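Enquirer: There's a structure below that I have some questions on.
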Amino acid sequence: MGLLDASISRHNVLVTSVDNVLNWARLSSLWPMGFGLACCAIEMMATNASNYDLERFGIFPRSSPRQSDLMIVAGTVTMKMAERVVKLYEQMPEPRYVLSMGSCSNCGGPYWEHGYHVLKGVDRIIPVDVYVPGCPPRPESLIGGLMKVQELIRMEQIGISRADALKKLAEKSVDPGMVIRRERKVAGA
Amino acid sequence: MEEGAVYSQHVAQSADAWAIIHEKFGDAISAFDPNETMPFFEVLDLSQWQKIALFMRDHPKLKFNYMACLSGVDYPAEEKVGIVCNLESLGVLNHRIAVKLKCARTGGSIPSVACVWHTANWHEREAYDMYGMTFTGHPDMRRILCPDDWEGFPLLKDYKVQESYHGVKVPY
(Lines give C-alpha, C1' and ligand atoms only; values in the text may rest on other atoms or scores of the structure.)
Protein backbone atom coordinates (compact mmCIF):
# COMPACT_ATOMS: atom_id res chain seq x y z
CA MET A 1 0.00 0.00 0.00
CA GLY A 2 2.29 2.72 -1.22
CA LEU A 3 1.48 6.35 -1.06
CA LEU A 4 1.18 6.59 -4.84
CA ASP A 5 -1.55 3.95 -4.85
CA ALA A 6 -3.87 6.65 -3.53
CA SER A 7 -5.67 8.36 -6.35
CA ILE A 8 -4.30 11.66 -7.57
CA SER A 9 -6.84 14.28 -8.57
CA ARG A 10 -6.65 16.34 -11.74
CA HIS A 11 -4.61 19.16 -10.24
CA ASN A 12 -1.91 16.85 -8.92
CA VAL A 13 -3.42 16.99 -5.46
CA LEU A 14 -3.07 13.92 -3.33
CA VAL A 15 -5.23 13.51 -0.28
CA THR A 16 -3.92 11.17 2.39
CA SER A 17 -3.27 11.00 6.12
CA VAL A 18 -0.23 12.46 7.88
CA ASP A 19 0.70 8.97 9.10
CA ASN A 20 0.82 7.75 5.53
CA VAL A 21 3.11 10.56 4.39
CA LEU A 22 5.45 10.20 7.33
CA ASN A 23 5.64 6.43 7.05
CA TRP A 24 6.14 6.58 3.30
CA ALA A 25 9.00 9.06 3.71
CA ARG A 26 10.67 6.99 6.42
CA LEU A 27 10.42 3.61 4.80
CA SER A 28 11.54 4.89 1.40
CA SER A 29 14.82 6.26 2.70
CA LEU A 30 15.87 3.79 5.33
CA TRP A 31 19.52 4.62 5.93
CA PRO A 32 21.45 1.92 7.75
CA MET A 33 24.67 2.57 9.59
CA GLY A 34 27.66 1.31 7.61
CA PHE A 35 29.20 -1.05 10.09
CA GLY A 36 29.85 -4.77 10.07
CA LEU A 37 31.27 -7.10 12.68
CA ALA A 38 32.07 -10.39 10.94
CA CYS A 39 31.31 -12.54 7.90
CA CYS A 40 27.67 -11.36 7.79
CA ALA A 41 29.08 -7.94 6.92
CA ILE A 42 30.49 -9.39 3.68
CA GLU A 43 27.01 -10.56 2.76
CA MET A 44 25.59 -7.18 3.75
CA MET A 45 28.14 -5.44 1.50
CA ALA A 46 27.20 -7.79 -1.34
CA THR A 47 23.58 -6.80 -0.80
CA ASN A 48 24.54 -3.15 -0.99
CA ALA A 49 26.51 -3.70 -4.19
CA SER A 50 25.21 -3.64 -7.74
CA ASN A 51 23.86 -7.21 -8.05
CA TYR A 52 21.31 -6.86 -5.27
CA ASP A 53 21.29 -3.08 -5.29
CA LEU A 54 19.74 -1.94 -2.02
CA GLU A 55 19.62 1.60 -3.29
CA ARG A 56 16.51 0.77 -5.30
CA PHE A 57 14.74 0.64 -1.92
CA GLY A 58 16.35 3.91 -0.86
CA ILE A 59 18.62 1.97 1.48
CA PHE A 60 22.03 3.54 1.51
CA PRO A 61 24.68 3.05 4.20
CA ARG A 62 25.74 6.14 6.13
CA SER A 63 29.07 6.59 7.84
CA SER A 64 27.74 8.18 10.99
CA PRO A 65 25.22 6.91 13.52
CA ARG A 66 23.81 10.45 13.67
CA GLN A 67 22.60 10.17 10.07
CA SER A 68 21.26 6.62 10.38
CA ASP A 69 17.76 5.28 10.89
CA LEU A 70 18.63 1.62 11.00
CA MET A 71 21.35 -0.46 12.63
CA ILE A 72 22.10 -3.72 10.88
CA VAL A 73 23.99 -5.78 13.46
CA ALA A 74 25.89 -7.89 10.94
CA GLY A 75 28.06 -10.42 12.71
CA THR A 76 29.40 -11.79 15.98
CA VAL A 77 29.06 -9.33 18.85
CA THR A 78 31.85 -9.93 21.34
CA MET A 79 31.56 -8.83 24.95
CA LYS A 80 34.23 -6.23 24.19
CA MET A 81 32.31 -4.90 21.19
CA ALA A 82 28.95 -4.96 23.00
CA GLU A 83 29.62 -1.70 24.82
CA ARG A 84 30.58 0.01 21.57
CA VAL A 85 27.40 -1.27 19.92
CA VAL A 86 25.32 0.24 22.72
CA LYS A 87 27.19 3.53 22.37
CA LEU A 88 26.54 3.61 18.60
CA TYR A 89 22.87 2.76 19.14
CA GLU A 90 22.53 5.57 21.63
CA GLN A 91 24.08 8.02 19.16
CA MET A 92 21.40 7.27 16.54
CA PRO A 93 18.50 9.75 16.41
CA GLU A 94 14.97 8.45 16.90
CA PRO A 95 13.01 6.86 15.34
CA ARG A 96 15.64 4.14 15.05
CA TYR A 97 15.33 0.52 14.07
CA VAL A 98 17.56 -2.48 14.73
CA LEU A 99 17.89 -5.48 12.44
CA SER A 100 19.81 -8.42 13.87
CA MET A 101 21.47 -10.21 10.97
CA GLY A 102 22.61 -13.84 11.28
CA SER A 103 22.74 -16.48 14.00
CA CYS A 104 25.58 -14.84 15.95
CA SER A 105 23.80 -11.60 16.69
CA ASN A 106 20.46 -13.41 17.07
CA CYS A 107 21.58 -15.84 19.76
CA GLY A 108 25.36 -16.38 19.76
CA GLY A 109 25.28 -18.76 16.78
CA PRO A 110 28.05 -21.39 16.75
CA TYR A 111 29.60 -19.73 19.82
CA TRP A 112 26.55 -20.27 22.01
CA GLU A 113 28.21 -22.80 24.32
CA HIS A 114 32.00 -22.49 24.20
CA GLY A 115 32.34 -18.91 23.01
CA TYR A 116 33.17 -17.33 26.34
CA HIS A 117 33.79 -13.98 24.64
CA VAL A 118 30.57 -13.80 22.57
CA LEU A 119 27.41 -11.97 23.55
CA LYS A 120 24.61 -14.55 23.23
CA GLY A 121 22.24 -12.34 21.28
CA VAL A 122 22.42 -8.63 20.67
CA ASP A 123 18.89 -8.30 22.15
CA ARG A 124 20.54 -8.58 25.57
CA ILE A 125 21.84 -5.05 25.17
CA ILE A 126 19.65 -3.22 22.62
CA PRO A 127 16.02 -3.73 21.50
CA VAL A 128 15.81 -5.65 18.21
CA ASP A 129 12.92 -5.14 15.77
CA VAL A 130 13.66 -7.76 13.11
CA TYR A 131 15.73 -10.95 13.26
CA VAL A 132 17.15 -12.46 10.06
CA PRO A 133 18.18 -16.11 10.48
CA GLY A 134 21.09 -17.66 8.59
CA CYS A 135 24.81 -18.21 8.88
CA PRO A 136 25.31 -15.92 7.09
CA PRO A 137 21.91 -15.06 5.57
CA ARG A 138 21.84 -14.75 1.79
CA PRO A 139 21.25 -11.28 0.35
CA GLU A 140 17.66 -12.30 -0.40
CA SER A 141 17.10 -13.01 3.31
CA LEU A 142 18.57 -9.67 4.28
CA ILE A 143 16.36 -7.91 1.76
CA GLY A 144 13.42 -9.86 3.24
CA GLY A 145 14.40 -8.59 6.69
CA LEU A 146 14.72 -5.03 5.46
CA MET A 147 11.29 -5.23 3.86
CA LYS A 148 10.00 -6.45 7.21
CA VAL A 149 11.40 -3.27 8.74
CA GLN A 150 9.57 -1.30 6.05
CA GLU A 151 6.34 -3.14 6.91
CA LEU A 152 6.90 -2.29 10.55
CA ILE A 153 7.24 1.38 9.66
CA ARG A 154 3.95 1.13 7.72
CA MET A 155 2.26 -0.04 10.92
CA GLU A 156 3.28 3.09 12.81
CA GLN A 157 0.91 5.89 13.68
CA ILE A 158 1.26 9.11 15.57
CA GLY A 159 0.59 8.31 19.19
CA ILE A 160 1.19 4.56 19.18
CA SER A 161 4.29 2.99 20.61
CA ARG A 162 6.83 0.76 18.87
CA ALA A 163 5.53 -2.19 20.85
CA ASP A 164 2.02 -1.59 19.50
CA ALA A 165 3.36 -1.29 15.95
CA LEU A 166 5.19 -4.61 16.38
CA LYS A 167 1.98 -6.17 17.68
CA LYS A 168 0.07 -4.88 14.65
CA LEU A 169 2.77 -6.29 12.38
CA ALA A 170 2.56 -9.70 14.07
CA GLU A 171 -1.23 -9.75 13.59
CA LYS A 172 -0.77 -9.08 9.89
CA SER A 173 1.83 -11.83 9.46
CA VAL A 174 1.53 -14.19 6.53
CA ASP A 175 2.77 -17.78 6.59
CA PRO A 176 5.64 -17.70 4.09
CA GLY A 177 5.28 -21.45 3.43
CA MET A 178 1.86 -20.85 1.93
CA VAL A 179 3.20 -18.10 -0.32
CA ILE A 180 6.12 -20.26 -1.45
CA ARG A 181 3.80 -23.19 -2.27
CA ARG A 182 1.48 -20.93 -4.19
CA GLU A 183 4.29 -19.36 -6.18
CA ARG A 184 5.75 -22.78 -6.98
CA LYS A 185 2.40 -23.95 -8.20
CA VAL A 186 2.06 -20.91 -10.43
CA ALA A 187 5.53 -21.54 -11.81
CA GLY A 188 4.56 -25.14 -12.51
CA ALA A 189 7.30 -26.64 -10.34
CA MET B 1 70.96 -36.68 20.35
CA GLU B 2 71.50 -40.38 19.83
CA GLU B 3 74.75 -41.19 18.06
CA GLY B 4 74.27 -42.78 14.67
CA ALA B 5 70.57 -42.11 14.45
CA VAL B 6 69.36 -41.50 10.90
CA TYR B 7 67.27 -38.36 10.51
CA SER B 8 65.55 -36.89 7.51
CA GLN B 9 67.38 -33.92 6.08
CA HIS B 10 65.45 -31.16 7.83
CA VAL B 11 65.55 -32.94 11.21
CA ALA B 12 69.30 -33.42 10.79
CA GLN B 13 69.68 -29.66 10.19
CA SER B 14 67.71 -28.95 13.35
CA ALA B 15 69.83 -31.48 15.24
CA ASP B 16 73.00 -29.67 14.14
CA ALA B 17 71.54 -26.38 15.34
CA TRP B 18 70.63 -27.96 18.69
CA ALA B 19 74.18 -29.30 19.05
CA ILE B 20 75.60 -25.78 18.72
CA ILE B 21 73.22 -24.43 21.37
CA HIS B 22 73.89 -27.43 23.64
CA GLU B 23 77.63 -26.88 23.36
CA LYS B 24 77.25 -23.32 24.62
CA PHE B 25 74.50 -23.73 27.24
CA GLY B 26 74.90 -27.38 28.34
CA ASP B 27 72.32 -28.50 30.86
CA ALA B 28 70.25 -25.34 30.53
CA ILE B 29 68.52 -27.05 27.62
CA SER B 30 67.05 -30.54 27.31
CA ALA B 31 67.93 -33.34 24.91
CA PHE B 32 66.94 -32.97 21.27
CA ASP B 33 63.59 -34.44 20.26
CA PRO B 34 63.68 -35.45 16.58
CA ASN B 35 59.97 -35.02 16.04
CA GLU B 36 59.39 -35.35 12.30
CA THR B 37 56.70 -32.64 12.20
CA MET B 38 58.61 -30.12 14.28
CA PRO B 39 61.89 -31.04 16.00
CA PHE B 40 62.18 -29.34 19.39
CA PHE B 41 64.01 -28.97 22.66
CA GLU B 42 63.01 -27.54 26.01
CA VAL B 43 64.71 -24.76 27.92
CA LEU B 44 65.12 -26.13 31.45
CA ASP B 45 66.80 -23.10 33.01
CA LEU B 46 64.31 -20.31 32.31
CA SER B 47 66.76 -17.60 33.45
CA GLN B 48 68.94 -18.45 30.43
CA TRP B 49 66.10 -18.08 27.90
CA GLN B 50 66.88 -14.52 26.78
CA LYS B 51 70.56 -15.35 26.29
CA ILE B 52 69.68 -18.52 24.39
CA ALA B 53 67.26 -16.57 22.19
CA LEU B 54 69.87 -13.92 21.37
CA PHE B 55 72.46 -16.62 20.71
CA MET B 56 70.07 -18.44 18.39
CA ARG B 57 69.28 -15.26 16.50
CA ASP B 58 72.85 -13.97 16.09
CA HIS B 59 75.15 -16.99 15.90
CA PRO B 60 76.43 -17.26 12.29
CA LYS B 61 75.58 -20.96 12.13
CA LEU B 62 72.11 -20.57 13.67
CA LYS B 63 70.63 -17.28 12.41
CA PHE B 64 67.08 -17.97 13.63
CA ASN B 65 65.91 -14.62 12.29
CA TYR B 66 62.20 -15.36 12.25
CA MET B 67 59.73 -16.29 14.95
CA ALA B 68 56.95 -18.03 13.02
CA CYS B 69 54.70 -18.56 16.02
CA LEU B 70 54.51 -18.50 19.80
CA SER B 71 51.74 -20.62 21.29
CA GLY B 72 50.59 -21.28 24.82
CA VAL B 73 49.99 -24.76 26.25
CA ASP B 74 48.28 -25.93 29.44
CA TYR B 75 49.72 -29.00 31.24
CA PRO B 76 47.21 -29.57 34.07
CA ALA B 77 48.74 -32.95 35.05
CA GLU B 78 52.12 -31.32 35.67
CA GLU B 79 50.56 -28.21 37.26
CA LYS B 80 52.31 -26.16 34.59
CA VAL B 81 51.63 -23.87 31.67
CA GLY B 82 54.08 -23.25 28.90
CA ILE B 83 54.85 -21.79 25.53
CA VAL B 84 56.13 -23.24 22.27
CA CYS B 85 58.20 -20.96 20.05
CA ASN B 86 58.53 -21.95 16.40
CA LEU B 87 61.74 -20.45 15.09
CA GLU B 88 63.08 -20.42 11.56
CA SER B 89 66.08 -19.11 9.71
CA LEU B 90 64.19 -17.57 6.88
CA GLY B 91 66.14 -17.07 3.66
CA VAL B 92 69.52 -17.57 5.37
CA LEU B 93 70.09 -21.15 6.55
CA ASN B 94 66.50 -22.35 6.07
CA HIS B 95 66.40 -24.59 9.14
CA ARG B 96 63.79 -24.53 11.86
CA ILE B 97 63.28 -25.72 15.43
CA ALA B 98 60.72 -25.36 18.19
CA VAL B 99 61.61 -24.30 21.72
CA LYS B 100 59.40 -25.21 24.67
CA LEU B 101 59.31 -23.51 28.05
CA LYS B 102 57.22 -24.33 31.10
CA CYS B 103 56.44 -22.43 34.28
CA ALA B 104 54.15 -22.78 37.30
CA ARG B 105 50.45 -22.91 36.46
CA THR B 106 49.49 -20.12 38.85
CA GLY B 107 51.66 -17.04 39.15
CA GLY B 108 54.36 -18.45 36.89
CA SER B 109 56.52 -16.28 34.72
CA ILE B 110 58.82 -16.70 31.73
CA PRO B 111 61.43 -14.17 30.53
CA SER B 112 60.17 -12.15 27.57
CA VAL B 113 61.92 -12.34 24.21
CA ALA B 114 60.01 -9.41 22.72
CA CYS B 115 63.34 -7.56 22.51
CA VAL B 116 64.84 -10.40 20.45
CA TRP B 117 61.98 -11.00 18.01
CA HIS B 118 59.38 -8.23 17.83
CA THR B 119 56.82 -10.84 16.82
CA ALA B 120 56.96 -12.11 20.39
CA ASN B 121 55.49 -8.87 21.71
CA TRP B 122 51.87 -9.51 20.75
CA HIS B 123 52.20 -13.30 20.89
CA GLU B 124 53.37 -13.19 24.50
CA ARG B 125 50.48 -10.87 25.34
CA GLU B 126 48.12 -13.39 23.77
CA ALA B 127 49.68 -16.29 25.71
CA TYR B 128 49.27 -14.23 28.90
CA ASP B 129 45.68 -13.37 27.96
CA MET B 130 44.73 -17.02 27.44
CA TYR B 131 46.88 -18.88 30.01
CA GLY B 132 47.89 -16.37 32.66
CA MET B 133 51.67 -16.72 32.74
CA THR B 134 53.47 -13.36 32.79
CA PHE B 135 56.52 -12.47 30.76
CA THR B 136 59.19 -10.64 32.73
CA GLY B 137 60.78 -7.76 30.86
CA HIS B 138 57.87 -7.44 28.41
CA PRO B 139 57.42 -3.78 27.37
CA ASP B 140 53.58 -3.83 27.54
CA MET B 141 52.22 -6.73 29.58
CA ARG B 142 48.46 -6.26 29.12
CA ARG B 143 45.67 -8.48 27.83
CA ILE B 144 45.38 -8.28 24.05
CA LEU B 145 42.06 -9.92 23.06
CA CYS B 146 39.85 -10.11 26.14
CA PRO B 147 38.74 -6.87 27.82
CA ASP B 148 41.23 -5.58 30.41
CA ASP B 149 38.89 -6.39 33.31
CA TRP B 150 38.02 -9.94 32.15
CA GLU B 151 38.13 -12.60 34.85
CA GLY B 152 40.20 -15.75 34.42
CA PHE B 153 42.20 -17.17 31.55
CA PRO B 154 39.93 -18.75 28.92
CA LEU B 155 42.15 -21.47 27.45
CA LEU B 156 43.04 -23.15 30.75
CA LYS B 157 41.47 -26.62 30.84
CA ASP B 158 39.56 -25.89 34.05
CA TYR B 159 38.32 -22.45 32.97
CA LYS B 160 34.79 -21.50 34.02
CA VAL B 161 33.26 -18.52 32.30
CA GLN B 162 32.12 -15.66 34.53
CA GLU B 163 28.38 -15.20 35.12
CA SER B 164 28.15 -11.59 34.03
CA TYR B 165 30.30 -8.88 32.50
CA HIS B 166 29.39 -5.23 33.19
CA GLY B 167 25.85 -6.32 34.08
CA VAL B 168 25.33 -8.42 30.94
CA LYS B 169 24.83 -12.17 31.35
CA VAL B 170 27.67 -14.10 29.69
CA PRO B 171 26.55 -17.76 29.48
CA TYR B 172 23.82 -18.74 27.03
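By convention in this document, the chains of the C-alpha coordinates carry letters A, B, ... by their order, each chain's residues are numbered from 1, and ligands are numbered from 1 in the order they are shown.
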Quick check for you: according to DSSP on this backbone, which residues of chain A are classed as strand (DSSP E or B)? Reply as a list of chain:residue names.

Expert: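 Output for chain A, strand (DSSP E or B) only: A:Ile8, A:Leu14, A:Pro32, A:Met33, A:Gly36, A:Arg62, A:Leu70, A:Met71, A:Ile72, A:Val73, A:Ala74, A:Thr78, A:Tyr97, A:Val98, A:Leu99, A:Ser100, A:Met101, A:Val118, A:Val130, A:Tyr131, A:Val132.
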
Enquirer: Neighbouring residues of stretch 102-106 of chain A were defined as those with any atom within 6 Å, considering only C-alpha atoms; residues of the same chain fewer than 4 positions away were excluded. Please report them as a list in words.

Expert: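 In the requested form, the answer reads Gly75, Thr76, Gly121, Val122, Val132, Pro133, Gly134, Cys135, Pro136 and Pro137 of chain A.
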
Enquirer: Would you mind listing, for every residue of stretch 49-80 of chain A within 12 Å of stretch 150-159 of chain A, the two atoms forming the shortest contact and the distance between them in Å to one decimal, using only C-alpha atoms, sorted by chain and ascending residue number, as a Markdown table?

Expert:
| residue | atom | partner | partner_atom | distance |
| --- | --- | --- | --- | --- |
| A:Phe57 | CA | A:Gln150 | CA | 9.7 |
| A:Gly58 | CA | A:Gln150 | CA | 11.0 |
| A:Ile59 | CA | A:Gln150 | CA | 10.7 |
| A:Asp69 | CA | A:Ile153 | CA | 11.3 |
| A:Leu70 | CA | A:Gln150 | CA | 10.7 |

Enquirer: Quick one: pull the distance between atom CA of B:His138 and atom CA of B:Arg125, Å, one decimal.

Expert: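 According to the coordinates, atom CA of B:His138 and atom CA of B:Arg125 are separated by 8.7 Å.
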
Enquirer: Report the distance between atom CA of B:Val161 and atom CA of A:Tyr131 in Å, rounded to one decimal place.

Expert: 27.0 Å

Enquirer: For chain B, list the residues within 10 Å of chain A, counting only C-alpha atoms, and write the list as JSON, numbers by chain.

Expert: {"B": [145, 146, 147, 148, 150, 154, 155, 159, 160, 161, 162, 165, 166, 167, 168, 169, 170, 171, 172]}

Enquirer: Quote the spacing between atom CA of B:Gly82 and atom CA of B:Gly132 in Å to one decimal place.

Expert: 10.0 Å
